[in-house]
$ cat model_24.pdb   # PDB, C-alpha atoms
MODEL        1
ATOM      1  CA  LEU H 268     -65.700  17.575  18.651
ATOM      2  CA  PRO H 269     -62.869  15.058  18.454
ATOM      3  CA  THR H 270     -59.497  16.330  19.629
ATOM      4  CA  PRO H 271     -57.004  16.567  16.740
ATOM      5  CA  PRO H 272     -53.969  14.278  17.149
ATOM      6  CA  ARG H 273     -50.914  15.961  18.553
ATOM      7  CA  ARG H 274     -47.886  16.328  16.333
ATOM      8  CA  ARG H 275     -44.884  14.576  17.730
ATOM      9  CA  THR H 276     -42.045  16.924  18.428
ATOM     10  CA  ARG H 277     -38.429  15.794  18.555
ATOM     11  CA  SER H 278     -36.859  16.100  21.971
ATOM     12  CA  SER H 279     -33.969  18.532  22.205
ATOM     13  CA  ASN H 280     -31.829  15.588  23.375
ATOM     14  CA  ALA H 281     -32.768  13.339  20.491
ATOM     15  CA  ARG H 282     -30.268  12.836  17.664
ATOM     16  CA  PRO H 283     -31.039  12.150  14.035
ATOM     17  CA  ALA H 284     -31.054   8.460  13.251
ATOM     18  CA  VAL H 285     -28.368   8.962  10.615
ATOM     19  CA  ARG H 286     -25.841   9.706  13.357
ATOM     20  CA  ALA H 287     -26.037   6.104  14.521
ATOM     21  CA  SER H 288     -24.359   4.851  11.371
ATOM     22  CA  ARG H 289     -21.547   7.415  11.521
ATOM     23  CA  PRO H 290     -18.949   5.193  13.273
ATOM     24  CA  LYS H 291     -19.450   2.474  10.650
ATOM     25  CA  ALA H 292     -19.106   4.974   7.848
ATOM     26  CA  LEU H 293     -15.900   6.343   9.347
ATOM     27  CA  ALA H 294     -14.530   2.844   9.813
ATOM     28  CA  ALA H 295     -15.235   2.086   6.177
ATOM     29  CA  MET H 296     -13.244   5.167   5.185
ATOM     30  CA  GLY H 297     -10.282   4.140   7.327
ATOM     31  CA  LEU H 298     -10.824   5.826  10.700
ATOM     32  CA  THR H 299     -11.249   9.513  11.435
ATOM     33  CA  ALA H 300      -8.620  11.732   9.905
ATOM     34  CA  SER H 301      -8.673  14.151  12.832
ATOM     35  CA  SER H 302      -8.336  11.621  15.685
ATOM     36  CA  LEU H 303      -5.169  12.148  17.719
ATOM     37  CA  ASN H 304      -5.041   8.570  18.953
ATOM     38  CA  LEU H 305      -6.581   5.247  18.094
ATOM     39  CA  THR H 306      -9.007   3.463  20.376
ATOM     40  CA  GLN H 307      -8.479  -0.188  21.230
ATOM     41  CA  TYR H 308     -11.318  -1.003  18.835
ATOM     42  CA  ASP H 309      -9.568   0.925  16.056
ATOM     43  CA  ILE H 310      -6.286  -0.907  16.687
ATOM     44  CA  GLU H 311      -7.929  -4.326  16.646
ATOM     45  CA  ASP H 312      -9.784  -3.386  13.462
ATOM     46  CA  VAL H 313      -6.534  -2.397  11.734
ATOM     47  CA  GLN H 314      -4.772  -5.528  13.012
ATOM     48  CA  GLN H 315      -7.491  -7.669  11.504
ATOM     49  CA  HIS H 316      -7.245  -5.685   8.261
ATOM     50  CA  CYS H 317      -3.505  -6.400   7.971
ATOM     51  CA  GLY H 318      -3.621 -10.014   9.108
ATOM     52  CA  GLY H 319      -2.012  -9.359  12.495
ATOM     53  CA  LYS H 320       1.320  -8.386  10.932
ATOM     54  CA  PHE H 321       1.824  -5.393  13.257
ATOM     55  CA  THR H 322       1.609  -5.088  17.039
ATOM     56  CA  SER H 323      -0.578  -2.547  18.812
ATOM     57  CA  ARG H 324       2.423  -0.254  19.414
ATOM     58  CA  GLU H 325       3.548  -0.509  15.804
ATOM     59  CA  ILE H 326       0.080   0.457  14.573
ATOM     60  CA  GLN H 327       0.030   3.453  16.921
ATOM     61  CA  ALA H 328       3.465   4.522  15.609
ATOM     62  CA  LEU H 329       2.349   4.093  11.999
ATOM     63  CA  TYR H 330      -0.764   6.143  12.677
ATOM     64  CA  GLN H 331       1.255   9.020  14.123
ATOM     65  CA  ARG H 332       3.501   8.978  11.038
ATOM     66  CA  PHE H 333       0.454   8.817   8.777
ATOM     67  CA  ARG H 334      -1.135  11.832  10.498
ATOM     68  CA  ALA H 335       2.137  13.770  10.270
ATOM     69  CA  LEU H 336       2.228  13.179   6.504
ATOM     70  CA  ASP H 337      -1.479  13.917   6.031
ATOM     71  CA  LYS H 338      -1.050  17.658   6.560
ATOM     72  CA  LYS H 339      -4.691  18.660   6.064
ATOM     73  CA  HIS H 340      -6.138  15.613   7.859
ATOM     74  CA  LYS H 341      -7.968  14.429   4.738
ATOM     75  CA  GLY H 342      -7.734  10.773   5.682
ATOM     76  CA  PHE H 343      -5.325   9.875   2.862
ATOM     77  CA  ILE H 344      -1.826  10.788   1.650
ATOM     78  CA  THR H 345      -1.231  12.587  -1.634
ATOM     79  CA  GLU H 346       1.673  12.234  -4.054
ATOM     80  CA  ASP H 347       3.364  15.408  -2.784
ATOM     81  CA  GLU H 348       3.020  14.288   0.834
ATOM     82  CA  LEU H 349       4.573  10.908   0.067
ATOM     83  CA  MET H 350       7.479  12.545  -1.743
ATOM     84  CA  ALA H 351       8.154  14.539   1.443
ATOM     85  CA  ILE H 352       9.465  11.297   3.009
ATOM     86  CA  PRO H 353      13.277  11.639   2.680
ATOM     87  CA  GLU H 354      13.902   7.884   2.417
ATOM     88  CA  LEU H 355      11.381   7.618  -0.396
ATOM     89  CA  ALA H 356      12.364  10.780  -2.251
ATOM     90  CA  ILE H 357      15.882   9.443  -2.912
ATOM     91  CA  SER H 358      14.690   6.025  -4.089
ATOM     92  CA  PRO H 359      14.877   5.428  -7.845
ATOM     93  CA  LEU H 360      11.567   3.584  -7.579
ATOM     94  CA  ALA H 361       9.851   6.526  -5.862
ATOM     95  CA  PRO H 362       7.468   7.272  -8.788
ATOM     96  CA  ARG H 363       6.170   3.701  -8.827
ATOM     97  CA  ILE H 364       5.919   3.395  -5.034
ATOM     98  CA  VAL H 365       4.038   6.685  -4.831
ATOM     99  CA  GLN H 366       1.665   5.433  -7.504
ATOM    100  CA  MET H 367       0.922   2.378  -5.372
ATOM    101  CA  PHE H 368       0.416   4.206  -2.053
ATOM    102  CA  GLN H 369      -1.129   7.559  -2.907
ATOM    103  CA  ASN H 370      -4.740   8.321  -1.910
ATOM    104  CA  GLN H 371      -4.997   5.278   0.381
ATOM    105  CA  ASN H 372      -6.658   5.565   3.770
ATOM    106  CA  PHE H 373      -4.821   4.462   6.899
ATOM    107  CA  LYS H 374      -6.202   0.929   7.028
ATOM    108  CA  ASP H 375      -5.315   0.175   3.408
ATOM    109  CA  PHE H 376      -1.941   1.881   3.858
ATOM    110  CA  VAL H 377      -1.123  -0.467   6.755
ATOM    111  CA  ARG H 378      -2.399  -3.506   4.900
ATOM    112  CA  MET H 379      -0.120  -2.778   1.934
ATOM    113  CA  ILE H 380       3.061  -2.248   3.927
ATOM    114  CA  SER H 381       2.250  -5.277   6.098
ATOM    115  CA  ALA H 382       3.613  -7.365   3.220
ATOM    116  CA  LEU H 383       7.051  -6.000   4.176
ATOM    117  CA  SER H 384       6.756  -6.470   7.946
ATOM    118  CA  SER H 385       8.949  -8.838   9.947
ATOM    119  CA  LYS H 386       5.991 -11.241  10.222
ATOM    120  CA  ALA H 387       5.376 -11.358   6.470
ATOM    121  CA  THR H 388       6.229 -14.566   4.654
ATOM    122  CA  ARG H 389       8.646 -14.735   1.741
ATOM    123  CA  GLU H 390       5.701 -15.221  -0.628
ATOM    124  CA  GLU H 391       3.955 -12.114   0.701
ATOM    125  CA  ARG H 392       7.095 -10.039   0.152
ATOM    126  CA  LEU H 393       7.515 -11.446  -3.333
ATOM    127  CA  ARG H 394       3.909 -10.624  -4.154
ATOM    128  CA  PHE H 395       4.495  -7.031  -3.048
ATOM    129  CA  MET H 396       7.508  -6.836  -5.371
ATOM    130  CA  PHE H 397       5.531  -8.450  -8.178
ATOM    131  CA  HIS H 398       2.749  -5.902  -7.697
ATOM    132  CA  CYS H 399       5.371  -3.154  -7.900
ATOM    133  CA  TYR H 400       6.729  -4.521 -11.185
ATOM    134  CA  ASP H 401       3.260  -5.132 -12.654
ATOM    135  CA  VAL H 402       2.805  -1.474 -13.587
ATOM    136  CA  ASP H 403      -0.355  -1.901 -15.669
ATOM    137  CA  ARG H 404      -1.865  -4.313 -13.094
ATOM    138  CA  ASP H 405      -2.825  -6.985 -15.602
ATOM    139  CA  GLY H 406      -1.486  -9.869 -13.501
ATOM    140  CA  VAL H 407       1.804 -10.383 -15.376
ATOM    141  CA  VAL H 408       5.065  -8.468 -15.722
ATOM    142  CA  SER H 409       5.246  -7.665 -19.429
ATOM    143  CA  ARG H 410       8.238  -6.371 -21.335
ATOM    144  CA  SER H 411       6.717  -2.889 -21.108
ATOM    145  CA  ASP H 412       6.375  -3.214 -17.307
ATOM    146  CA  LEU H 413      10.002  -4.301 -16.962
ATOM    147  CA  GLU H 414      11.185  -1.456 -19.179
ATOM    148  CA  THR H 415       9.332   1.063 -16.984
ATOM    149  CA  ILE H 416      10.798  -0.275 -13.731
ATOM    150  CA  THR H 417      14.300  -0.684 -15.156
ATOM    151  CA  ARG H 418      14.252   2.854 -16.509
ATOM    152  CA  HIS H 419      13.393   4.095 -13.007
ATOM    153  CA  LEU H 420      16.357   2.128 -11.632
ATOM    154  CA  VAL H 421      19.049   3.047 -14.157
ATOM    155  CA  GLY H 422      17.792   6.450 -15.295
ATOM    156  CA  SER H 423      19.983   7.833 -18.048
ATOM    157  CA  SER H 424      23.152   6.187 -16.756
ATOM    158  CA  ILE H 425      23.291   3.715 -19.654
ATOM    159  CA  SER H 426      22.778   4.027 -23.381
ATOM    160  CA  GLN H 427      19.580   2.941 -25.089
ATOM    161  CA  GLU H 428      21.476   0.062 -26.707
ATOM    162  CA  ASP H 429      22.702  -1.223 -23.338
ATOM    163  CA  PHE H 430      19.232  -0.716 -21.899
ATOM    164  CA  ASP H 431      17.651  -2.843 -24.650
ATOM    165  CA  GLN H 432      20.265  -5.548 -24.120
ATOM    166  CA  LEU H 433      19.513  -5.590 -20.389
ATOM    167  CA  ILE H 434      15.804  -6.144 -21.022
ATOM    168  CA  SER H 435      16.489  -8.782 -23.686
ATOM    169  CA  LYS H 436      18.810 -10.628 -21.298
ATOM    170  CA  ALA H 437      16.109 -10.722 -18.625
ATOM    171  CA  PHE H 438      13.579 -12.231 -21.009
ATOM    172  CA  GLY H 439      16.259 -14.547 -22.344
ATOM    173  CA  GLU H 440      16.472 -16.056 -18.860
ATOM    174  CA  LEU H 441      12.710 -16.448 -18.925
ATOM    175  CA  ARG H 442      12.847 -18.292 -22.256
ATOM    176  CA  LYS H 443      15.410 -20.710 -20.816
ATOM    177  CA  MET H 444      13.111 -21.349 -17.877
ATOM    178  CA  ARG H 445      10.269 -22.066 -20.291
ATOM    179  CA  GLY H 446      12.384 -24.427 -22.362
ATOM    180  CA  GLY H 447      12.785 -22.072 -25.310
ATOM    181  CA  GLU H 448       9.185 -20.829 -25.482
ATOM    182  CA  GLU H 449       8.505 -17.219 -26.486
ATOM    183  CA  ASP H 450       8.000 -14.591 -23.785
ATOM    184  CA  ALA H 451       4.692 -13.290 -25.134
ATOM    185  CA  GLY H 452       2.263 -12.899 -22.265
ATOM    186  CA  GLY H 453       4.794 -11.697 -19.700
ATOM    187  CA  VAL H 454       6.117 -13.109 -16.444
ATOM    188  CA  THR H 455       3.661 -14.792 -14.087
ATOM    189  CA  PHE H 456       4.035 -14.585 -10.318
ATOM    190  CA  GLU H 457       5.258 -18.183 -10.150
ATOM    191  CA  GLU H 458       7.963 -17.432 -12.722
ATOM    192  CA  PHE H 459       8.841 -14.179 -10.953
ATOM    193  CA  ALA H 460       9.311 -16.078  -7.675
ATOM    194  CA  ALA H 461      11.441 -18.725  -9.415
ATOM    195  CA  LEU H 462      13.683 -16.053 -10.961
ATOM    196  CA  LEU H 463      14.293 -14.608  -7.478
ATOM    197  CA  ALA H 464      14.738 -17.980  -5.768
ATOM    198  CA  ARG H 465      18.433 -17.307  -5.133
ATOM    199  CA  VAL H 466      17.814 -13.846  -3.671
ATOM    200  CA  ASP H 467      18.009 -14.132   0.119
ATOM    201  CA  THR H 468      17.364 -10.522   1.137
ATOM    202  CA  LEU H 469      13.977  -9.094   0.208
ATOM    203  CA  PRO H 470      12.533  -5.637   1.018
ATOM    204  CA  ALA H 471      11.465  -5.179   4.642
ATOM    205  CA  VAL H 472      10.007  -2.426   6.823
ATOM    206  CA  LYS H 473      10.899  -1.855  10.463
ATOM    207  CA  VAL H 474       8.502   0.382  12.357
ATOM    208  CA  PRO H 475      10.510   2.678  14.674
ATOM    209  CA  LEU H 476       9.189   2.789  18.242
ATOM    210  CA  GLU H 477       9.928   5.510  20.799
ATOM    211  CA  ASP H 478      12.077   3.332  23.082
ATOM    212  CA  ASP H 479      14.062   1.663  20.276
TER     213      ASP H 479
ENDMDL
END
$ encode --input "model_24.pdb" --output "structure tokens"
Amino acid sequence: LPTPPRRRTRSSNARPAVRASRPKALAAMGLTASSLNLTQYDIEDVQQHCGGKFTSREIQALYQRFRALDKKHKGFITEDELMAIPELAISPLAPRIVQMFQNQNFKDFVRMISALSSKATREERLRFMFHCYDVDRDGVVSRSDLETITRHLVGSSISQEDFDQLISKAFGELRKMRGGEEDAGGVTFEEFAALLARVDTLPAVKVPLEDD
């Protein structure tokens, strides 16, 4: 009688094929949340992700701060964890900044703040500011967007009448720039940059290093 074919048994040392794709999956999610340190590959990956705006040491320092904020090692930072940053908690724009940064993994977190690094261009910093002002993310800063940001900045320190006048003045400057045209459609990035052309100091981030 013919001998029945033997069933192949998996060696005790063999690993499921799905394990092979694990590093790629973790990289796609923004590195492992539980890793204490970054490998050289991780650092180079993050540097590429942020356009080389941060050095290897700066990325390591940012990662340690990120892990300290990410209390449960989820791989992202929540609203409450962001508000635990003292410098951010006292900022009048904290609600908007938190909205921009919450639930981002480490790689995307670094890429976003890279627009405020010392190596960022003026245009990159302006685009970060524009993104902050464009609350509804429709590509323009509308009157509603400006009202939201301005309200964060002034709070209840001025009357509603003065608040309305402040917004109207801002869009009055825009109408002058457009040669008297109406402001329907909101402020484009090019117009936003032109309005801030005389502003020399723009937001910047300095990453603290241990020997600084």
$ atom_distance --input "model_24.pdb" --atom1 "atom CA of Val313 of chain H" --atom2 "atom CA of Leu383 of chain H"
16.0 Å
$ atom_distance --input "model_24.pdb" --atom1 "atom CA of Leu441 of chain H" --atom2 "atom CA of Ser358 of chain H"
27.0 Å
$ closest_atom_pairs --input "model_24.pdb" --of "segment 325-404 of chain H" --to "segment 457-467 of chain H" --cutoff "9 Å" --atoms "all atoms listed in the file" --output "JSON lines"
{"residue": "H:Glu390", "atom": "CA", "partner": "H:Ala460", "partner_atom": "CA", "distance": 8.0}
{"residue": "H:Leu393", "atom": "CA", "partner": "H:Ala460", "partner_atom": "CA", "distance": 6.6}
{"residue": "H:Arg394", "atom": "CA", "partner": "H:Ala460", "partner_atom": "CA", "distance": 8.4}
{"residue": "H:Phe397", "atom": "CA", "partner": "H:Phe459", "partner_atom": "CA", "distance": 7.2}
$ resolve_selection --input "model_24.pdb" --expression "the PyMOL selection byres ((chain H and resi 412) around 10)" --output "number ranges by chain"
H: 399-404, 407-411, 413-418, 453-454
$ resolve_selection --input "model_24.pdb" --expression "the PyMOL selection byres ((chain H and resi 386) around 8)" --output "JSON, numbers by chain"
{"H": [320, 321, 384, 385, 387, 388]}
$ atom_distance --input "model_24.pdb" --atom1 "atom CA of Ala361 of chain H" --atom2 "atom CA of His419 of chain H"
8.3 Å
$ residues_around --input "model_24.pdb" --residues "Tyr330 of chain H" --least-positions-apart "3" --cutoff "10 Å" --atoms "all atoms listed in the file" --output "count of residues only"
17
$ closest_residue --input "model_24.pdb" --among "H:Tyr308, H:Phe343, H:Phe368, H:Phe430" --to "His398 of chain H" --atoms "all atoms listed in the file"
H:Phe368
$ closest_residue --input "model_24.pdb" --among "H:Ile364, H:Ala328, H:Gln369, H:Gly439" --to "Thr345 of chain H" --atoms "all atoms listed in the file"
H:Gln369
$ resolve_selection --input "model_24.pdb" --expression "the PyMOL selection byres ((chain H and resi 316) around 9)" --output "VMD selection string"
chain H and resid 311 to 315 317 to 319 374 to 375 377 to 378
$ axis_aligned_box --input "model_24.pdb" --around "segment 395-405 of chain H" --padding-each-side "5 Å" --output "lines of an AutoDock Vina configuration file"
center_x = 2.3
center_y = -5.0
center_z = -9.4
size_x = 20.3
size_y = 17.0
size_z = 22.6
$ closest_residue --input "model_24.pdb" --among "H:Gln366, H:Thr322, H:Ser424, H:Gln432" --to "Val474 of chain H" --atoms "only C-alpha atoms"
H:Thr322
$ residues_near_point --input "model_24.pdb" --point "(6.0, 11.4, -2.3)" --cutoff "12 Å" --atoms "all atoms listed in the file" --output "PyMOL selection string"
chain H and resi 336-337+344-358+360-370
$ decode --input "model_24.pdb" --residues "segment 368-397 of chain H" --atoms "N, CA and C atoms" --output "short mmCIF file (atom, residue, chain, number, x, y, z; two decimals), in the first residue's frame"
data_model
loop_
_atom_site.label_atom_id
_atom_site.label_comp_id
_atom_site.auth_asym_id
_atom_site.auth_seq_id
_atom_site.Cartn_x
_atom_site.Cartn_y
_atom_site.Cartn_z
N PHE H 368 -2.57 69.16 17.79
CA PHE H 368 -1.56 68.17 18.14
C PHE H 368 -2.09 66.89 18.77
N GLN H 369 -3.31 66.90 19.28
CA GLN H 369 -3.78 65.73 20.01
C GLN H 369 -3.94 64.51 19.09
N ASN H 370 -3.68 63.34 19.68
CA ASN H 370 -3.83 62.03 19.02
C ASN H 370 -2.87 61.83 17.85
N GLN H 371 -1.75 62.57 17.83
CA GLN H 371 -0.75 62.35 16.79
C GLN H 371 0.35 61.43 17.31
N ASN H 372 0.84 60.54 16.44
CA ASN H 372 1.95 59.70 16.86
C ASN H 372 3.25 60.51 16.85
N PHE H 373 4.32 59.91 17.31
CA PHE H 373 5.56 60.66 17.48
C PHE H 373 6.08 61.26 16.18
N LYS H 374 6.08 60.48 15.12
CA LYS H 374 6.60 60.97 13.84
C LYS H 374 5.83 62.18 13.34
N ASP H 375 4.51 62.12 13.40
CA ASP H 375 3.69 63.25 12.94
C ASP H 375 3.82 64.44 13.89
N PHE H 376 3.98 64.15 15.18
CA PHE H 376 4.20 65.20 16.17
C PHE H 376 5.46 65.99 15.83
N VAL H 377 6.55 65.28 15.53
CA VAL H 377 7.82 65.92 15.19
C VAL H 377 7.70 66.69 13.88
N ARG H 378 7.03 66.09 12.92
CA ARG H 378 6.88 66.77 11.62
C ARG H 378 6.14 68.09 11.77
N MET H 379 5.12 68.13 12.64
CA MET H 379 4.35 69.37 12.80
C MET H 379 5.18 70.46 13.48
N ILE H 380 5.87 70.11 14.57
CA ILE H 380 6.64 71.14 15.25
C ILE H 380 7.92 71.51 14.50
N SER H 381 8.29 70.70 13.51
CA SER H 381 9.49 71.03 12.73
C SER H 381 9.32 72.35 11.98
N ALA H 382 8.08 72.75 11.76
CA ALA H 382 7.81 74.03 11.10
C ALA H 382 8.23 75.21 11.96
N LEU H 383 8.50 74.95 13.25
CA LEU H 383 8.91 76.01 14.17
C LEU H 383 10.36 75.85 14.61
N SER H 384 11.09 74.93 13.99
CA SER H 384 12.48 74.70 14.37
C SER H 384 13.37 75.83 13.84
N SER H 385 14.61 75.85 14.33
CA SER H 385 15.55 76.88 13.89
C SER H 385 15.91 76.75 12.42
N LYS H 386 15.72 75.56 11.85
CA LYS H 386 16.03 75.33 10.43
C LYS H 386 14.84 75.59 9.52
N ALA H 387 13.69 75.88 10.09
CA ALA H 387 12.49 76.12 9.28
C ALA H 387 12.60 77.48 8.59
N THR H 388 12.07 77.56 7.39
CA THR H 388 12.07 78.82 6.66
C THR H 388 10.94 79.72 7.16
N ARG H 389 10.98 80.97 6.78
CA ARG H 389 9.92 81.90 7.16
C ARG H 389 8.57 81.42 6.62
N GLU H 390 8.57 80.91 5.39
CA GLU H 390 7.32 80.43 4.80
C GLU H 390 6.75 79.25 5.58
N GLU H 391 7.62 78.35 6.02
CA GLU H 391 7.16 77.19 6.78
C GLU H 391 6.53 77.63 8.11
N ARG H 392 7.13 78.62 8.75
CA ARG H 392 6.57 79.12 10.01
C ARG H 392 5.24 79.83 9.77
N LEU H 393 5.17 80.57 8.68
CA LEU H 393 3.92 81.25 8.35
C LEU H 393 2.82 80.24 8.04
N ARG H 394 3.18 79.17 7.37
CA ARG H 394 2.18 78.14 7.05
C ARG H 394 1.66 77.46 8.32
N PHE H 395 2.55 77.28 9.30
CA PHE H 395 2.10 76.73 10.58
C PHE H 395 1.09 77.67 11.23
N MET H 396 1.39 78.96 11.24
CA MET H 396 0.49 79.95 11.81
C MET H 396 -0.84 79.98 11.05
N PHE H 397 -0.73 79.91 9.73
CA PHE H 397 -1.94 79.93 8.90
C PHE H 397 -2.82 78.72 9.21
#
